[in-house]
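Student: Have a peek at my_file_21.csv (CSV, C-alpha atoms and all ligand atoms).
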```csv
chain,number,residue,atom,x,y,z
A,1,MET,CA,-14.7,32.6,-16.6
A,2,ASP,CA,-18.0,31.0,-15.7
A,3,LYS,CA,-16.9,28.5,-13.0
A,4,GLN,CA,-20.1,26.4,-13.4
A,5,ALA,CA,-20.8,25.9,-17.0
A,6,ASN,CA,-17.8,24.0,-18.3
A,7,GLU,CA,-16.5,20.5,-18.5
A,8,GLU,CA,-13.3,21.5,-16.7
A,9,ILE,CA,-15.1,22.6,-13.6
A,10,LEU,CA,-13.3,21.8,-10.3
A,11,THR,CA,-15.5,19.9,-7.9
A,12,LEU,CA,-14.6,19.7,-4.3
A,13,GLY,CA,-15.8,16.4,-2.9
A,14,ILE,CA,-16.3,15.8,0.9
A,15,GLU,CA,-17.0,12.4,2.6
A,16,SER,CA,-17.5,11.8,6.3
A,17,SER,CA,-20.3,9.2,6.5
A,18,CYS,CA,-18.4,6.7,8.7
A,19,ASP,CA,-14.8,6.4,9.8
A,20,GLU,CA,-13.0,8.1,6.9
A,21,THR,CA,-12.6,11.9,6.6
A,22,SER,CA,-11.9,12.6,3.0
A,23,ALA,CA,-11.7,15.5,0.6
A,24,ALA,CA,-11.0,15.3,-3.2
A,25,VAL,CA,-10.6,17.7,-6.1
A,26,LEU,CA,-11.9,16.5,-9.5
A,27,ARG,CA,-11.4,18.3,-12.8
A,28,GLY,CA,-14.4,17.6,-15.0
A,29,GLY,CA,-16.1,14.3,-14.3
A,30,ARG,CA,-13.2,11.9,-14.2
A,31,GLU,CA,-9.8,13.5,-13.6
A,32,ILE,CA,-8.7,13.1,-9.9
A,33,LEU,CA,-6.4,16.0,-9.0
A,34,ALA,CA,-6.4,15.0,-5.3
A,35,ASP,CA,-8.1,12.3,-3.1
A,36,VAL,CA,-7.0,12.7,0.5
A,37,ILE,CA,-8.3,10.2,3.0
A,38,SER,CA,-7.7,10.4,6.8
A,39,THR,CA,-8.8,7.1,8.3
A,40,GLN,CA,-9.9,6.6,11.8
A,41,ILE,CA,-9.6,2.8,11.7
A,42,PRO,CA,-6.7,2.7,14.3
A,43,VAL,CA,-8.8,4.9,16.7
A,44,HIS,CA,-11.9,2.5,16.6
A,45,GLN,CA,-9.9,-0.7,16.4
A,46,ARG,CA,-9.6,-1.1,20.2
A,47,PHE,CA,-13.4,-0.9,20.5
A,48,GLY,CA,-13.9,-3.6,17.9
A,49,GLY,CA,-16.0,-1.3,15.7
A,50,VAL,CA,-16.9,2.3,14.9
A,51,VAL,CA,-17.9,4.4,18.0
A,52,PRO,CA,-20.2,7.1,16.5
A,53,GLU,CA,-19.4,9.8,19.0
A,54,ILE,CA,-15.7,9.4,18.6
A,55,ALA,CA,-16.1,9.3,14.8
A,56,SER,CA,-18.0,12.7,14.9
A,57,ARG,CA,-15.3,14.3,17.1
A,58,LYS,CA,-12.5,13.1,14.9
A,59,HIS,CA,-14.2,14.3,11.7
A,60,ILE,CA,-14.5,17.8,13.3
A,61,VAL,CA,-10.8,17.8,14.0
A,62,ASN,CA,-9.8,16.4,10.6
A,63,ILE,CA,-12.2,18.0,8.1
A,64,MET,CA,-10.6,21.3,7.3
A,65,PRO,CA,-7.0,20.0,7.4
A,66,VAL,CA,-8.1,17.3,4.9
A,67,VAL,CA,-9.7,19.9,2.6
A,68,ASP,CA,-6.6,22.1,2.8
A,69,GLU,CA,-4.4,19.1,2.0
A,70,ALA,CA,-6.6,18.2,-1.0
A,71,LEU,CA,-6.3,21.7,-2.4
A,72,ARG,CA,-2.5,21.7,-1.8
A,73,VAL,CA,-2.1,18.3,-3.6
A,74,ALA,CA,-4.3,19.4,-6.4
A,75,GLY,CA,-2.3,22.7,-6.7
A,76,VAL,CA,-5.5,24.8,-6.7
A,77,LYS,CA,-6.9,27.6,-4.5
A,78,LEU,CA,-10.2,27.5,-2.7
A,79,GLN,CA,-11.4,30.3,-5.0
A,80,ASP,CA,-10.9,28.0,-8.1
A,81,ILE,CA,-13.5,25.5,-6.8
A,82,GLY,CA,-16.6,25.6,-9.0
A,83,GLN,CA,-19.0,23.4,-6.9
A,84,VAL,CA,-19.0,21.4,-3.7
A,85,ALA,CA,-20.3,17.8,-3.5
A,86,VAL,CA,-20.9,16.2,-0.2
A,87,THR,CA,-22.2,12.8,1.2
A,88,TYR,CA,-25.5,13.5,3.0
A,89,GLY,CA,-26.5,9.9,3.6
A,90,PRO,CA,-26.6,7.0,4.4
A,91,GLY,CA,-24.2,6.9,7.4
A,92,LEU,CA,-23.8,7.9,11.0
A,93,VAL,CA,-25.8,11.1,11.6
A,94,GLY,CA,-23.2,12.9,13.7
A,95,ALA,CA,-20.4,12.0,11.2
A,96,LEU,CA,-22.5,13.0,8.2
A,97,LEU,CA,-23.4,16.4,9.8
A,98,VAL,CA,-19.7,17.4,10.0
A,99,GLY,CA,-19.2,17.0,6.2
A,100,VAL,CA,-22.5,18.5,5.3
A,101,SER,CA,-21.9,21.5,7.6
A,102,ALA,CA,-18.4,22.1,6.2
A,103,ALA,CA,-19.7,21.7,2.6
A,104,LYS,CA,-22.5,24.2,3.2
A,105,ALA,CA,-20.2,26.7,4.7
A,106,LEU,CA,-17.7,26.4,1.9
A,107,ALA,CA,-20.4,26.6,-0.9
A,108,PHE,CA,-22.0,29.6,0.8
A,109,SER,CA,-18.7,31.5,1.3
A,110,LEU,CA,-17.5,30.7,-2.2
A,111,ASP,CA,-20.9,31.4,-3.7
A,112,VAL,CA,-20.9,28.2,-5.7
A,113,PRO,CA,-23.5,25.4,-6.0
A,114,LEU,CA,-23.8,22.7,-3.3
A,115,ILE,CA,-24.6,19.1,-4.4
A,116,GLY,CA,-25.8,16.5,-1.9
A,117,VAL,CA,-24.7,13.0,-2.9
A,118,ASN,CA,-26.0,9.6,-1.9
A,119,HIS,CA,-23.0,7.6,-0.6
A,120,LEU,CA,-24.1,4.4,-2.3
A,121,GLU,CA,-24.4,6.1,-5.7
A,122,GLY,CA,-20.9,7.5,-5.0
A,123,HIS,CA,-19.6,3.9,-4.6
A,124,ILE,CA,-21.1,3.0,-8.1
A,125,PHE,CA,-19.5,6.1,-9.6
A,126,ALA,CA,-16.0,5.1,-8.4
A,127,ASN,CA,-16.1,2.9,-11.5
A,128,PHE,CA,-16.2,6.0,-13.8
A,129,LEU,CA,-12.9,7.1,-12.2
A,130,ALA,CA,-11.5,3.6,-12.6
A,131,ASP,CA,-12.4,3.4,-16.3
A,132,LYS,CA,-12.6,6.7,-18.1
A,133,ALA,CA,-14.4,5.1,-21.1
A,134,LEU,CA,-17.2,3.5,-19.0
A,135,GLU,CA,-20.7,4.6,-20.0
A,136,PRO,CA,-24.1,3.5,-18.8
A,137,PRO,CA,-26.0,1.3,-19.1
A,138,PHE,CA,-24.5,-1.4,-16.9
A,139,MET,CA,-25.3,-3.6,-13.9
A,140,ALA,CA,-23.8,-2.7,-10.5
A,141,LEU,CA,-23.3,-4.9,-7.5
A,142,VAL,CA,-22.9,-2.6,-4.5
A,143,VAL,CA,-21.4,-4.4,-1.5
A,144,SER,CA,-20.4,-2.3,1.5
A,145,GLY,CA,-20.4,-2.4,5.3
A,146,GLY,CA,-24.0,-1.3,5.4
A,147,HIS,CA,-25.6,-2.2,2.1
A,148,THR,CA,-25.8,-5.0,-0.5
A,149,SER,CA,-27.7,-4.1,-3.6
A,150,LEU,CA,-28.1,-4.8,-7.3
A,151,VAL,CA,-28.6,-1.7,-9.3
A,152,ASP,CA,-29.3,-1.4,-13.0
A,153,VAL,CA,-27.6,1.8,-14.0
A,154,ARG,CA,-29.5,3.0,-17.1
A,155,GLY,CA,-28.1,6.5,-17.3
A,156,TYR,CA,-26.0,8.9,-15.2
A,157,ASN,CA,-29.1,9.9,-13.3
A,158,GLU,CA,-31.4,6.9,-13.9
A,159,PHE,CA,-31.2,3.8,-11.7
A,160,ARG,CA,-33.4,0.8,-11.1
A,161,LEU,CA,-33.0,-1.1,-7.8
A,162,LEU,CA,-33.4,-4.8,-8.6
A,163,GLY,CA,-32.9,-6.0,-5.0
A,164,GLN,CA,-31.1,-5.5,-1.8
A,165,THR,CA,-30.4,-7.3,1.5
A,166,ARG,CA,-33.3,-8.0,3.8
A,167,ASP,CA,-31.1,-8.0,6.9
A,168,ASP,CA,-27.3,-7.8,7.3
A,169,ALA,CA,-25.1,-6.4,4.6
A,170,ALA,CA,-22.3,-8.6,3.3
A,171,GLY,CA,-19.6,-6.4,4.9
A,172,GLU,CA,-21.5,-6.4,8.2
A,173,ALA,CA,-21.4,-10.3,8.2
A,174,PHE,CA,-17.6,-10.2,7.4
A,175,ASP,CA,-17.0,-7.8,10.3
A,176,LYS,CA,-19.2,-9.7,12.8
A,177,ILE,CA,-17.7,-13.1,12.1
A,178,ALA,CA,-14.2,-11.7,12.2
A,179,ARG,CA,-15.0,-10.2,15.6
A,180,VAL,CA,-16.1,-13.6,17.0
A,181,MET,CA,-12.9,-15.1,15.6
A,182,GLY,CA,-10.9,-12.6,17.6
A,183,LEU,CA,-9.7,-10.7,14.5
A,184,PRO,CA,-9.4,-6.8,14.6
A,185,TYR,CA,-11.8,-4.3,13.0
A,186,PRO,CA,-12.5,-4.1,10.1
A,187,GLY,CA,-12.8,-7.8,9.7
A,188,GLY,CA,-13.3,-8.0,5.9
A,189,PRO,CA,-9.7,-7.6,4.9
A,190,ARG,CA,-8.6,-10.1,7.6
A,191,ILE,CA,-11.1,-12.8,6.5
A,192,ASP,CA,-10.0,-12.2,2.9
A,193,ALA,CA,-6.4,-12.8,3.9
A,194,LEU,CA,-7.2,-15.8,6.1
A,195,ALA,CA,-9.4,-17.4,3.5
A,196,LYS,CA,-6.5,-17.7,1.1
A,197,GLU,CA,-5.0,-20.3,3.4
A,198,GLY,CA,-8.2,-22.3,4.0
A,199,ASP,CA,-10.4,-24.7,2.1
A,200,PRO,CA,-13.6,-23.1,0.8
A,201,LEU,CA,-15.3,-26.4,0.7
A,202,ALA,CA,-14.4,-27.5,4.2
A,203,ILE,CA,-17.7,-26.5,5.8
A,204,ASP,CA,-21.0,-26.3,4.0
A,205,PHE,CA,-22.6,-23.1,5.1
A,206,PRO,CA,-26.1,-22.2,3.9
A,207,ARG,CA,-27.0,-19.9,1.0
A,208,ALA,CA,-30.3,-18.0,1.3
A,209,LEU,CA,-32.8,-16.9,-1.3
A,210,ASP,CA,-31.1,-18.6,-4.2
A,211,GLU,CA,-34.2,-19.2,-6.3
A,212,LYS,CA,-34.0,-17.9,-9.9
A,213,GLY,CA,-35.2,-14.4,-10.4
A,214,ASN,CA,-34.8,-13.4,-6.8
A,215,TYR,CA,-32.4,-10.5,-6.5
A,216,GLU,CA,-32.8,-10.0,-2.7
A,217,PHE,CA,-30.0,-11.0,-0.3
A,218,SER,CA,-30.0,-12.3,3.2
A,219,PHE,CA,-26.8,-12.9,5.2
A,220,SER,CA,-28.2,-13.2,8.8
A,221,GLY,CA,-28.9,-16.9,8.5
A,222,LEU,CA,-25.3,-17.5,7.2
A,223,LYS,CA,-23.9,-15.4,10.0
A,224,SER,CA,-25.8,-17.4,12.6
A,225,ALA,CA,-24.8,-20.7,11.0
A,226,VAL,CA,-21.1,-19.7,11.2
A,227,LEU,CA,-21.5,-18.5,14.8
A,228,ASN,CA,-23.3,-21.7,15.7
A,229,TYR,CA,-20.5,-23.7,14.1
A,230,ILE,CA,-17.8,-21.9,16.0
A,231,ASN,CA,-19.7,-22.3,19.4
A,232,SER,CA,-20.4,-26.0,18.8
A,233,GLU,CA,-16.7,-26.7,17.9
A,234,LYS,CA,-15.7,-24.9,21.0
A,235,MET,CA,-18.1,-26.9,23.1
A,236,LYS,CA,-16.8,-30.1,21.7
A,237,GLY,CA,-13.3,-28.9,22.8
A,238,ARG,CA,-12.0,-28.9,19.2
A,239,GLU,CA,-9.5,-26.5,18.0
A,240,LEU,CA,-11.0,-24.0,15.5
A,241,ARG,CA,-9.7,-24.2,12.0
A,242,HIS,CA,-9.8,-20.4,11.4
A,243,ALA,CA,-8.6,-20.4,7.8
A,244,ASP,CA,-11.2,-23.1,6.8
A,245,ILE,CA,-14.0,-21.2,8.6
A,246,ALA,CA,-13.0,-17.9,6.8
A,247,ALA,CA,-12.6,-19.6,3.4
A,248,SER,CA,-16.0,-21.5,3.7
A,249,PHE,CA,-17.9,-18.4,4.9
A,250,GLN,CA,-16.4,-16.2,2.2
A,251,HIS,CA,-17.1,-18.8,-0.4
A,252,ALA,CA,-20.8,-18.9,0.6
A,253,VAL,CA,-21.1,-15.1,0.4
A,254,ILE,CA,-19.3,-14.9,-2.9
A,255,GLU,CA,-21.3,-17.7,-4.5
A,256,VAL,CA,-24.6,-15.9,-3.8
A,257,LEU,CA,-23.3,-12.4,-4.9
A,258,VAL,CA,-21.7,-13.7,-8.1
A,259,HIS,CA,-24.7,-15.8,-9.1
A,260,LYS,CA,-27.3,-13.1,-8.6
A,261,ALA,CA,-25.2,-10.3,-10.2
A,262,CYS,CA,-24.6,-12.4,-13.3
A,263,GLU,CA,-28.2,-13.4,-13.6
A,264,ALA,CA,-29.4,-9.8,-13.1
A,265,ALA,CA,-27.0,-8.5,-15.8
A,266,ALA,CA,-28.3,-11.2,-18.2
A,267,GLU,CA,-32.0,-10.5,-17.4
A,268,ALA,CA,-31.6,-6.7,-17.8
A,269,GLY,CA,-29.7,-7.3,-21.1
A,270,ARG,CA,-26.5,-5.6,-19.9
A,271,ASP,CA,-23.1,-6.5,-21.2
A,272,THR,CA,-21.1,-4.9,-18.4
A,273,LEU,CA,-21.1,-5.7,-14.7
A,274,VAL,CA,-19.3,-3.4,-12.2
A,275,LEU,CA,-18.5,-4.0,-8.6
A,276,ALA,CA,-18.7,-1.2,-5.9
A,277,GLY,CA,-18.3,-0.7,-2.2
A,278,GLY,CA,-15.8,-1.7,0.4
A,279,VAL,CA,-16.4,-5.5,0.0
A,280,ALA,CA,-15.4,-5.0,-3.7
A,281,ALA,CA,-11.9,-5.0,-2.4
A,282,ASN,CA,-12.3,-8.7,-1.5
A,283,SER,CA,-9.8,-10.6,-3.7
A,284,GLY,CA,-11.9,-13.8,-3.7
A,285,LEU,CA,-15.0,-12.0,-4.9
A,286,GLU,CA,-13.1,-10.1,-7.6
A,287,ALA,CA,-11.5,-13.3,-8.9
A,288,ARG,CA,-14.7,-15.3,-9.0
A,289,LEU,CA,-16.8,-12.5,-10.5
A,290,ARG,CA,-14.1,-12.0,-13.2
A,291,ARG,CA,-14.2,-15.8,-14.1
A,292,GLU,CA,-18.0,-16.0,-14.1
A,293,ALA,CA,-18.4,-12.8,-16.1
A,294,ALA,CA,-15.9,-14.0,-18.7
A,295,ALA,CA,-17.7,-17.4,-19.0
A,296,ARG,CA,-21.0,-15.5,-19.7
A,297,GLY,CA,-19.4,-13.0,-22.1
A,298,LEU,CA,-19.9,-10.1,-19.7
A,299,ARG,CA,-17.4,-7.2,-19.4
A,300,PHE,CA,-16.4,-6.9,-15.7
A,301,MET,CA,-14.8,-4.1,-13.9
A,302,PHE,CA,-14.1,-2.9,-10.4
A,303,PRO,CA,-12.3,0.1,-8.9
A,304,SER,CA,-8.8,-0.1,-7.3
A,305,PRO,CA,-9.0,-0.9,-3.5
A,306,VAL,CA,-8.5,2.8,-2.6
A,307,LEU,CA,-11.5,3.8,-4.7
A,308,CYS,CA,-13.6,0.8,-3.5
A,309,THR,CA,-13.5,1.9,0.2
A,310,ASP,CA,-14.9,5.3,1.3
A,311,ASN,CA,-13.3,8.2,-0.4
A,312,ALA,CA,-14.3,11.7,-1.6
A,313,ALA,CA,-13.3,11.3,-5.2
A,314,MET,CA,-16.2,9.0,-5.9
A,315,ILE,CA,-18.5,11.6,-4.2
A,316,ALA,CA,-17.1,14.4,-6.3
A,317,CYS,CA,-17.7,12.2,-9.4
A,318,ARG,CA,-21.3,11.5,-8.6
A,319,GLY,CA,-21.7,15.2,-7.7
A,320,TYR,CA,-20.3,16.3,-11.1
A,321,TYR,CA,-22.9,14.2,-13.0
A,322,GLN,CA,-25.7,15.5,-10.8
A,323,GLY,CA,-24.5,19.1,-11.4
A,324,ALA,CA,-24.3,18.4,-15.2
A,325,ALA,CA,-28.0,17.5,-15.1
A,326,GLY,CA,-28.8,20.7,-13.1
A,327,LYS,CA,-29.5,18.7,-9.9
A,328,PHE,CA,-28.3,21.0,-7.1
A,329,SER,CA,-29.1,21.2,-3.4
A,330,ASP,CA,-29.9,24.2,-1.4
A,331,LEU,CA,-28.3,25.3,1.9
A,332,CYS,CA,-31.1,23.6,3.8
A,333,LEU,CA,-29.4,20.2,2.9
A,334,ASN,CA,-29.5,17.9,6.0
A,335,ALA,CA,-27.9,14.6,6.8
A,336,VAL,CA,-30.2,11.6,6.1
A,337,PRO,CA,-28.7,8.7,8.0
A,338,GLY,CA,-31.1,6.1,6.6
A,339,LEU,CA,-31.0,7.2,3.0
A,340,GLY,CA,-31.3,4.2,0.7
A,341,LEU,CA,-30.9,3.5,-3.0
A,342,THR,CA,-34.2,3.8,-4.8
A,343,ASP,CA,-35.2,3.9,-8.4
A,344,SER,CA,-33.6,7.1,-9.9
A,345,SER,CA,-32.9,8.2,-6.4
A,346,LEU,CA,-32.3,11.9,-6.9
A,347,ALA,CA,-34.4,12.8,-3.9
A,348,HIS,CA,-33.1,16.3,-3.2
A,401,LIG,O1,-17.9,0.9,1.5
A,401,LIG,P1,-17.1,0.9,2.8
A,401,LIG,O2,-15.7,1.4,2.9
A,401,LIG,O3,-17.9,1.6,3.9
A,401,LIG,C1,-19.3,1.6,3.9
A,401,LIG,O4,-19.9,2.4,3.2
A,401,LIG,O5,-19.9,0.7,4.6
A,401,LIG,O6,-17.2,-0.7,3.3
A,401,LIG,C2,-16.6,-1.1,4.5
A,401,LIG,C3,-16.8,-2.6,4.5
A,401,LIG,C4,-16.4,-3.2,5.9
A,401,LIG,O7,-17.4,-4.1,6.3
A,401,LIG,C5,-15.1,-4.0,5.5
A,401,LIG,O8,-14.9,-5.1,6.4
A,401,LIG,C6,-15.4,-4.4,4.1
A,401,LIG,O9,-16.0,-3.3,3.5
A,401,LIG,N1,-14.2,-4.7,3.4
A,401,LIG,C7,-13.9,-6.0,3.0
A,401,LIG,C8,-12.6,-6.0,2.4
A,401,LIG,N2,-12.1,-4.7,2.5
A,401,LIG,C9,-13.1,-3.9,3.1
A,401,LIG,N3,-14.7,-7.1,3.0
A,401,LIG,C10,-14.1,-8.2,2.5
A,401,LIG,N4,-12.9,-8.3,1.9
A,401,LIG,C11,-12.1,-7.2,1.9
A,401,LIG,N5,-10.9,-7.2,1.3
A,402,ZN,ZN,-19.1,3.2,1.8
```
Written as structure tokens, that's how I'd like the structure from this file.
Ligand code: KG4
Ligand code: ZN
Tutor:
Amino acid sequence: MDKQANEEILTLGIESSCDETSAAVLRGGREILADVISTQIPVHQRFGGVVPEIASRKHIVNIMPVVDEALRVAGVKLQDIGQVAVTYGPGLVGALLVGVSAAKALAFSLDVPLIGVNHLEGHIFANFLADKALEPPFMALVVSGGHTSLVDVRGYNEFRLLGQTRDDAAGEAFDKIARVMGLPYPGGPRIDALAKEGDPLAIDFPRALDEKGNYEFSFSGLKSAVLNYINSEKMKGRELRHADIAASFQHAVIEVLVHKACEAAAEAGRDTLVLAGGVAANSGLEARLRREAAARGLRFMFPSPVLCTDNAAMIACRGYYQGAAGKFSDLCLNAVPGLGLTDSSLAH
């Protein structure tokens, strides 16, 4: 059987861009046979953030056991794999290199194609796994630890970047504020939980770049405003109302994200809006976007939490659609830590 030219092809996906070592097996473009994730969060927690050198070392230890486990869960043999898709950027260079090296070795030894995947495109493609009927075109709001972008997905291999953050990513702001509040890494889920007990209108934090037609984001001013507020309350000897700070900060972030995403979908004439990236797991963001999208007659969807945060199934899915379009990488594929999302970014 030709392992490459069929819709039932088995894609092995590999992800190691940050603090998750993950391997997945996908049948065709959308059927997950296995999605194994080994998280390093407990290892990095005591340092308050990801330590790159430790992350690389942990990936080296974990990568092959995670691949073996994915094959075992999927009930397939290595020889059944038809192509290997791997994240080559953006991310931590040492961490990325572990996945890229493993993927190259596997593709070479199995004599199957290698597909380098942009991690951010992978996040968008998690939505194809969440809804098997989803087809482009649609508008995607990508909110992760390192990126905040609005992407018009016109086809499986055709994207238009409408705007991105000029400074901090949304997730980065969540993590930094959580750290100052003494909450453990990663801060996003902690702020999310705390915000449920607070008043989102208690403190009026600033919103940046909110003029119509501007799809860029900026979260550094908001981050500074929250840090200044915390410092000034401390100096006045007042007890910090953690839940109100979390709720008001989260509300400011959500308002900007939701407003711009809905405006962008309307301007591009899209009837579907999807959410992608780790911050998509935020319950406040999901609830607000769902309400706002419904009010504007937009279809809204987002992946389950496990598909929102880093995982190899989304990388395999993106890789499948690149492979279907004949976009393969050669064995010179290298890690590109600063890889961004650009128009139709199939830069390999
Ligand atoms: O996409 P992701 O897993 O990794 C990157 O590619 O960056 O995103 C991780 C980010 C972290 O900043 C984390 O704090 C944030 O996603 N995050 C959340 C939530 N869950 C994860 N932020 C807000 N609310 C959440 N529930
Ligand atoms: Zn990610």
Student: What does the list of residues within 12 Å of ligand ZN 402 (chain A) look like if you count only C-alpha atoms and all ligand atoms, written as an MDAnalysis selection string?
Tutor: chainID A and resid 15:22 87 89:92 118:126 142:148 169 171:172 276:281 306:312 314:315
Student: Tell me, in Å to one decimal, how far atom CA of Pro305 of chain A is from atom CA of Gly319 of chain A.
Tutor: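 One can read the atom CA of Pro305 of chain A to atom CA of Gly319 of chain A distance as 20.9 Å.
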Student: Find, counting only C-alpha atoms and all ligand atoms, the residue in A:Phe159, A:Phe205, A:Phe138, A:Phe249 that gets nearest to ligand LIG 401 (chain A).
Tutor: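 Of A:Phe159, A:Phe205, A:Phe138, A:Phe249, the one nearest ligand LIG 401 (chain A) is A:Phe249, counting only C-alpha atoms and all ligand atoms.
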Student: Considering all atoms listed in the file, state which residue in the set A:Leu273, A:Val253, A:Leu227, A:Leu209 is at the smallest distance from ligand LIG 401 (chain A).
Tutor: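 For ligand LIG 401 (chain A), the nearest of the candidates is A:Val253.
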Student: Please, what distance in Å, to one decimal, runs between atom CA of Asn62 of chain A and atom CA of Ala313 of chain A?
Tutor: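 Going from atom CA of Asn62 of chain A over to atom CA of Ala313 of chain A, I get 17.0 Å.
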Student: Skipping near chain neighbours, those fewer than 3 positions away, what residues fall within 8 Å of Gly29 of chain A using all atoms listed in the file, listed as a ChimeraX atom specification?
Tutor: /A:7,26,317,320-321
Student: So which residues touch Val50 of chain A within 9 Å, counting all atoms listed in the file, skipping near sequence neighbours fewer than 6 positions away, as a count of residues only?
Tutor: 7
Student: With distances taken over all atoms listed in the file, which residue among A:Val98, A:Cys332, A:Ala324, A:Leu78 lies nearest Lys58 of chain A?
Tutor: A:Val98
Student: Name the residues in contact with Ala202 of chain A at a cut-off of 12 Å, using only C-alpha atoms, excluding same-chain residues fewer than 5 positions from it; report them as a list in words.
Tutor: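 Within the cut-off, the hits are Ala195, Glu197, Arg241, His242, Ala243, Asp244, Ile245, Ala246, Ala247, Ser248, Phe249, Gln250, His251 and Ala252 of chain A.
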